[in-house]
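Undergrad: Here it is, the structure in full.
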Amino acid sequence: MGPELQAHVAFHLTGKRMGASLQAADGLHLRPGLLARFGDLTRLRYDFPLVLVAGRADETGIQSLTALVNGILQAIAPRGIEGEATRRHVLRLEREIRTLAANGDTGPLSRLWDLAAERIGAPGDPALAGSLGRARAALKVDGEVVDCTYGLPTRLITHAWRALQQQKAERFDREITRLIVKLSDILQADFVRSGAGTSAARLKASVGTGMEDAFDFQALSSTLAQVSGKDPLPDSRRQRVERALTVLKAHRSRGQAGGGRADDLESGAFASCRDAQSAFRTRLPEIVDVVKAIAIAELEIEGLYVEATHDPFFADFDESSVGAKDLGLFPDYLVCIGSEHLHGPEHAILMEILASEMPIKIVVQVSDVLEEPALRAGHRGFIAPAAQLGRMAMGLGNVYVLQASSSHLYQARRGILAGLTFAGPALFSVFSGSPHGARTLPPYLLAAAAMQSRAFPAFTYDPAAGPEWAARVALDGNPQPEADWPVHEFGYEDEARQNVTEPVAFTFVDFIACDPRYARHFAVVPQAEWNGSMVPVGSSLTGAPAVAGKVPYLQMVNGDHALQRALVDEKLLSAAQRCREMWHSLQELGGIHSSQAERLLARERKGWEEQKQREIEALKREAKPAAPAAASAAAAAKSAAVEAAEPEQPSDDPYIETPRCTTCNECTNLNNRMFAYDANKQAIIADINAGTYRELVEAAETCQVSIIHPGKPRNPNEPGIADLLKRAEPFL
Amino acid sequence: MTTRAHECLMRMYEEEHNLEEYQGSIPRWCTGCGDNAILTAVQRLCRDEKLRPEKTVFVSGIGCSSRFPHYMKTYGFHGIHGRALPIAEGIRLARPDLHVFVNTGDGDCCSIGAAHWVHAIRYNMNLTVMVHDNHIYGLTKMQASPTTPKGLRSKTTPRGAWLDALNPLTVTLGIQNVSFVAQAVDWIPELVYDIISRAFHHKGCSFVRIIQRCPEFLPNLFDPWLHDPNRTLLLTHEKGLHVSPALGKLYKNQQEYDPTDLNRAREIASVEDPIPVGILYHNPEVPCYEDVRAITQLRTPEFIQRGLETELDKFTVWPQAAD
């Protein structure tokens, strides 16, 4: 082993640079080679920025600028060369809006649109102005433009939550109003049937003054008094209806007193779990009262309230009677909290909420996925505990969990809406990076890198999707979810200026390489020392025999876009392996490479193959004598079939083919003690001793569908038996 | 809107009714009348589906079959001749919480009520319509109905009916928005029940023609079919009818038939011998009129008052305007 290779191996094993050839990665502004292409995101057409359309509680409330522009171009730009100028103009505008958003310019799309149009010179260019004018006319939505920044998760999920809460509040208000109207109808119906309701004065007042002389209200009152029901509403029912009405009206008044709604909704948004839990507990007694009133109202409206059954139930109606479905009727609470604040009691309350049925949705904005392993702190992995919150919550069972990077939020909008509408607690664990960390990559790239590298994979756990985990866990959005690491084509120019393309895996090590805090785990190898004993990290992680003993390196580029090889120390490699194990466990939950299923499949396959082999061998052994045996088996089968096909022997006992009875009453009219109907109102012989053989024969003769079979006479001495037997023959 | 408490209490309330509890007054149909088989099948359905009597309504027009509501211990509306369907539609609109059944006859539906029949199919409101087709006016003592076979002598056609009989199935299958058409014969009660059950579960206007015997005026009309099971064609399909092994033993003339094929349904409906029995057509995708025109606005007293005042104001002569 030469001194250079010795230095490489030493760095890999110890993380110490020995010798002068290896260069520290600090300050070189290196980034993983696969990210080299993504220098200026404003030149890229991708999901961001987003447009948050107010008042829409579905997926259209979160739209991508790119998708919006695509829609506009499809509407206004003709296919082919004719629409080329329009497309160019509108795409210029889109890029300018993207630049504005990336520079922190915020506001409604309409404002940024005008600003961008001005900046690209639309006022002085009639053709450009014309294209943009048509595009603007085709733009049907407006809303806040947001880029993929550190604050995106809170902003986007709060936006969706607000729209859903608004919709829910309006729906609930309508339902409460319906119940109030229906309950009022019960009281009103009782009143109009009462003496007061049918009094002459009341009738006169209801007709109005215009035609009052045409009526004799006294006579009308007397007539109505005679035909109206005599039973007024019982006092207990009246009081129950009035109590429910009072509660529902008070609740509706409180809701309507919220007036502007938006302010009212904001009262459900919190910055700490403790505050949200406290607010929920304060409101709980009111919720219990309203749920009880709704349940009573529904029963009363249906006319199903039975005092003997229901009074005891409602007498003990308390918090324990209210379930997640009931809580789902009321506005939810939203907590947006940074992972750095989840310590001590706050973390305990968060877990308490997630383990309960409280309608609290929690957004945990994970600012840092990585953490330098510290034995003193009790962990040796690089993945911070905050990044594992989603997995922990999934273990609680009845909580909706969505984990994603902020770069993936647009793709995950359906999952976000599902979580916000889930009847119970929900956790949205979103990695967005930290505004205070070292800024080597824009937030979008950093977040995307976390997901690509499996450091922060995306998944949803939806308890409402079904009882099995296979239905509940989804790994949608992860690149190449069946692979350990996603593999992408990496292209560069070699020393001879020839284009080279090779598949490169984006691993956990690549993600760590994006973070300058961990630069000491890398050492740059001068190009002169590149040799065959070095192996890419992706290959090294496969553990294949061919890579044993080789030193792993990562392809990176510096600020001048020059390709570099950085050696990786063993700690990082171990961390990557641990990350891969965690990814494997997630894959299994999501139904990918399930070790249990694969084991069972292998066992079944083996059993099946052995069985087939035995059958083949048996057939071979019996090949010669098989022919006569098969013939005799076939003959036996045929004989059995003939026997089965033969009609049943006529019975000596009388019987009825009851399922074919058409309930025509012929037989029961003849003798309703001998013949009767069963539970399906079809004829049976109820008591054979209750009639004569003659009646049996007559019933058989009159039966429209000929299903009565009189059998043989029980009394051979019955008068006229010979004639009866002859008449019975067709029905035996 | 339901609460957990409401659901629990509804389960507590869940009632089991036996068949007798759906029986109203004693039927006055003739002994041997096929209407009895239909009545039994419907009463079994009500029991098996646990239909609450106060949430169930039977609507009829005029004729033997239209006495049906009297024999059910549910709500009923014995309407006027030919108008069972519009009455049922009105009930459906006003009370979407009710199960609405219609019992009508070949005269009530296909003659005086023909216009309503056509539009009821087109409106496709959620109704279970049973046409008791005995091929004759029985209540008025044997006059020819639209489905009376050509040549049959009756009080109004003493030299035999002059025209080919109207086929209610082919007519129904030709109407826009048709969504469910089936045919049963009263002498196979198992299938009468199954078909009505399928019709009940279809959301839309389920049109079931039930060929039935009139023992009083046409006692022998269906004898050839009664005595020869091969003259009945059972249409079976995973999406249609399932024939029990016992019945299959007797009725061997069966055909696997997909009830989603409208053109094939029209072909089969045209056949009169053998009589096709089963689901001829089923399309659950056809929208119901009550859904298309669903009013989401809650009709509160204030809403009604506002609407009335708006309308009445159109006819108000304001003093200033008069000047």
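Ordered as shown in the structure tokens, chains take letters A, B, and onward, while each chain numbers its residues from 1 and ligands are numbered from 1 in the order shown.
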Go through chain A residue by residue and, counting only C-alpha atoms, keep those with an atom at most 10 Å from chain B; for each kept residue give the shortest atom pair and its distance in Å to one decimal, ordered by chain and increasing number, as a Markdown table.

TA:
| residue | atom | partner | partner_atom | distance |
| --- | --- | --- | --- | --- |
| A:Arg171 | CA | B:Met1 | CA | 9.6 |
| A:Phe172 | CA | B:Met1 | CA | 8.5 |
| A:Arg174 | CA | B:Leu298 | CA | 7.5 |
| A:Glu175 | CA | B:Met1 | CA | 6.8 |
| A:Ile176 | CA | B:Met1 | CA | 9.1 |
| A:Thr177 | CA | B:Leu298 | CA | 8.1 |
| A:Arg178 | CA | B:Leu298 | CA | 6.7 |
| A:Leu179 | CA | B:Met1 | CA | 9.6 |
| A:Ile180 | CA | B:Thr300 | CA | 9.3 |
| A:Val181 | CA | B:Thr300 | CA | 6.3 |
| A:Lys182 | CA | B:Thr300 | CA | 9.2 |
| A:Asp185 | CA | B:Pro301 | CA | 9.9 |
| A:Val291 | CA | B:Thr3 | CA | 6.8 |
| A:Lys292 | CA | B:Ala5 | CA | 7.7 |
| A:Ile294 | CA | B:Thr3 | CA | 7.3 |
| A:Ala295 | CA | B:His6 | CA | 4.9 |
| A:Ile296 | CA | B:His6 | CA | 7.7 |
| A:Ala297 | CA | B:His6 | CA | 9.4 |
| A:Glu298 | CA | B:His6 | CA | 7.2 |
| A:Leu299 | CA | B:His6 | CA | 7.3 |
| A:Glu302 | CA | B:Lys55 | CA | 9.6 |
| A:Gly303 | CA | B:Glu54 | CA | 9.7 |
| A:Leu304 | CA | B:Tyr13 | CA | 7.6 |
| A:Tyr305 | CA | B:Tyr13 | CA | 8.9 |
| A:Val306 | CA | B:Tyr13 | CA | 8.5 |
| A:Thr309 | CA | B:Met12 | CA | 8.4 |
| A:His310 | CA | B:Leu9 | CA | 7.5 |
| A:Phe313 | CA | B:Leu9 | CA | 8.8 |
| A:Phe314 | CA | B:Ala5 | CA | 9.2 |
| A:Phe317 | CA | B:Ala5 | CA | 9.1 |
| A:Ser321 | CA | B:Ala5 | CA | 6.9 |
| A:Val322 | CA | B:Arg4 | CA | 7.0 |
| A:Gly323 | CA | B:Arg4 | CA | 6.3 |
| A:Ala324 | CA | B:Arg4 | CA | 8.4 |
| A:Lys325 | CA | B:Arg4 | CA | 6.5 |
| A:Asp326 | CA | B:Thr3 | CA | 5.3 |
| A:Leu327 | CA | B:Thr3 | CA | 9.0 |
| A:Gly328 | CA | B:Thr3 | CA | 9.6 |
| A:Leu329 | CA | B:Met1 | CA | 8.5 |
| A:Ala645 | CA | B:Lys249 | CA | 9.8 |
| A:Pro659 | CA | B:Glu190 | CA | 6.7 |
| A:Arg660 | CA | B:Pro189 | CA | 6.0 |
| A:Cys661 | CA | B:Pro189 | CA | 6.8 |
| A:Thr662 | CA | B:Ala37 | CA | 4.6 |
| A:Thr663 | CA | B:Ala37 | CA | 5.4 |
| A:Cys664 | CA | B:Gly32 | CA | 4.2 |
| A:Asn665 | CA | B:Thr31 | CA | 5.8 |
| A:Glu666 | CA | B:Thr31 | CA | 5.9 |
| A:Cys667 | CA | B:Thr31 | CA | 9.6 |
| A:Thr668 | CA | B:Thr31 | CA | 10.0 |
| A:Asn669 | CA | B:Thr31 | CA | 8.3 |
| A:Ala679 | CA | B:Leu19 | CA | 7.0 |
| A:Asn680 | CA | B:Arg44 | CA | 6.4 |
| A:Lys681 | CA | B:Thr40 | CA | 6.4 |
| A:Gln682 | CA | B:Thr40 | CA | 8.3 |
| A:Thr702 | CA | B:Gly32 | CA | 8.9 |
| A:Cys703 | CA | B:Gly32 | CA | 8.1 |
| A:Gln704 | CA | B:Gly32 | CA | 6.8 |
| A:Val705 | CA | B:Trp187 | CA | 6.6 |
| A:Ser706 | CA | B:His227 | CA | 8.8 |

Undergrad: Env of range 453-462 of chain A: 6 Å cut, atoms = only C-alpha atoms, seq-sep filter 4 positions within chain, self excluded. Answer as a VMD selection string.

TA: chain A and resid 400 to 404 449 472 to 475 478 506 to 508

Undergrad: What does the file look like for those residues with C-alpha atoms, as a PDB file, in the first residue's frame?

TA:
ATOM      1  CA  TYR A 400     -53.042  11.031  10.736  1.00  0.00           C
ATOM      2  CA  VAL A 401     -49.391  11.574   9.876  1.00  0.00           C
ATOM      3  CA  LEU A 402     -47.926  13.314   6.899  1.00  0.00           C
ATOM      4  CA  GLN A 403     -44.186  13.674   6.595  1.00  0.00           C
ATOM      5  CA  ALA A 404     -42.698  15.584   3.715  1.00  0.00           C
ATOM      6  CA  ALA A 449     -32.163  16.750  -1.194  1.00  0.00           C
ATOM      7  CA  ARG A 472     -52.847   3.154   5.678  1.00  0.00           C
ATOM      8  CA  VAL A 473     -49.224   3.755   4.754  1.00  0.00           C
ATOM      9  CA  ALA A 474     -48.295   5.375   1.463  1.00  0.00           C
ATOM     10  CA  LEU A 475     -44.844   6.344   0.266  1.00  0.00           C
ATOM     11  CA  ASN A 478     -40.428   9.452  -2.886  1.00  0.00           C
ATOM     12  CA  PHE A 506     -28.045  10.154  -4.394  1.00  0.00           C
ATOM     13  CA  THR A 507     -27.418   8.895  -0.888  1.00  0.00           C
ATOM     14  CA  PHE A 508     -27.594  10.133   2.647  1.00  0.00           C
TER      15      PHE A 508
END

Undergrad: Where does DSSP see helix (DSSP H, G or I) in range 38-116 of chain B, if you list the residues as a PyMOL selection string?

TA: chain B and resi 38-48+53-55+65-71+84-94+106-110+114-116

Undergrad: So that I have them on file, write out the residues from the current selection with C-alpha atoms, as a tab-separated table (two decimals), in the first residue's frame.

TA:
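Writing done, so here's part18.tsv:
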chain	number	residue	atom	x	y	z
B	38	ILE	CA	-96.54	-9.60	-5.32
B	39	LEU	CA	-97.97	-8.47	-1.99
B	40	THR	CA	-96.15	-11.26	-0.18
B	41	ALA	CA	-92.88	-10.49	-1.92
B	42	VAL	CA	-93.15	-6.81	-1.00
B	43	GLN	CA	-94.02	-7.58	2.61
B	44	ARG	CA	-91.01	-9.88	2.81
B	45	LEU	CA	-88.84	-7.14	1.36
B	46	CYS	CA	-90.05	-4.62	3.93
B	47	ARG	CA	-89.33	-7.07	6.72
B	48	ASP	CA	-85.91	-8.08	5.40
B	53	PRO	CA	-93.53	1.55	8.29
B	54	GLU	CA	-93.78	5.26	8.98
B	55	LYS	CA	-90.99	5.87	6.49
B	65	SER	CA	-103.53	-3.82	-8.31
B	66	SER	CA	-104.07	-0.33	-7.01
B	67	ARG	CA	-105.76	-1.64	-3.90
B	68	PHE	CA	-102.24	-2.52	-2.86
B	69	PRO	CA	-101.69	0.36	-0.36
B	70	HIS	CA	-104.72	-0.81	1.65
B	71	TYR	CA	-103.02	-4.11	2.29
B	84	ALA	CA	-99.84	7.16	-9.35
B	85	LEU	CA	-96.48	8.18	-10.78
B	86	PRO	CA	-96.82	11.98	-10.53
B	87	ILE	CA	-98.15	11.60	-7.00
B	88	ALA	CA	-95.18	9.43	-6.10
B	89	GLU	CA	-92.82	11.95	-7.67
B	90	GLY	CA	-94.33	14.68	-5.58
B	91	ILE	CA	-93.85	12.62	-2.45
B	92	ARG	CA	-90.27	11.89	-3.45
B	93	LEU	CA	-89.53	15.59	-3.87
B	94	ALA	CA	-91.23	16.69	-0.68
B	106	ASP	CA	-101.37	-2.41	-17.19
B	107	GLY	CA	-104.36	-0.12	-17.68
B	108	ASP	CA	-103.44	2.43	-15.06
B	109	CYS	CA	-99.87	2.74	-16.31
B	110	CYS	CA	-99.99	2.01	-20.01
B	114	ALA	CA	-99.12	6.55	-20.33
B	115	ALA	CA	-97.97	10.16	-20.44
B	116	HIS	CA	-96.94	10.09	-16.81

Undergrad: B:Leu308, B:Cys64, B:Ala265, B:Leu98: which is nearest Arg52 in chain B, counting only C-alpha atoms?

TA: B:Leu98

Undergrad: What's around Lys73 in chain B at 6 Å? Count only C-alpha atoms, leave out sequence neighbours fewer than 4 positions away in its own chain, and write the answer as a PDB file with N, CA and C atoms, in the first residue's frame.

TA:
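Written output follows (around-v2.pdb):
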ATOM      1  N   TYR B  22     -96.424  -5.762   8.630  1.00  0.00           N
ATOM      2  CA  TYR B  22     -96.576  -4.963   7.400  1.00  0.00           C
ATOM      3  C   TYR B  22     -97.907  -5.260   6.709  1.00  0.00           C
ATOM      4  N   GLN B  23     -98.687  -6.154   7.319  1.00  0.00           N
ATOM      5  CA  GLN B  23     -99.946  -6.515   6.678  1.00  0.00           C
ATOM      6  C   GLN B  23    -101.046  -5.574   7.122  1.00  0.00           C
ATOM      7  N   GLY B  24    -101.705  -4.960   6.126  1.00  0.00           N
ATOM      8  CA  GLY B  24    -102.818  -4.070   6.441  1.00  0.00           C
ATOM      9  C   GLY B  24    -104.105  -4.865   6.484  1.00  0.00           C
TER      10      GLY B  24
END

Undergrad: Neighbours of Tyr281 in chain B within 6 Å (only C-alpha atoms; same-chain residues fewer than 5 positions away dropped), as a list in words?

TA: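 After dropping sequence-adjacent residues, the list is Phe180, Val181, Pro259, Thr260 and Ala265 of chain B.
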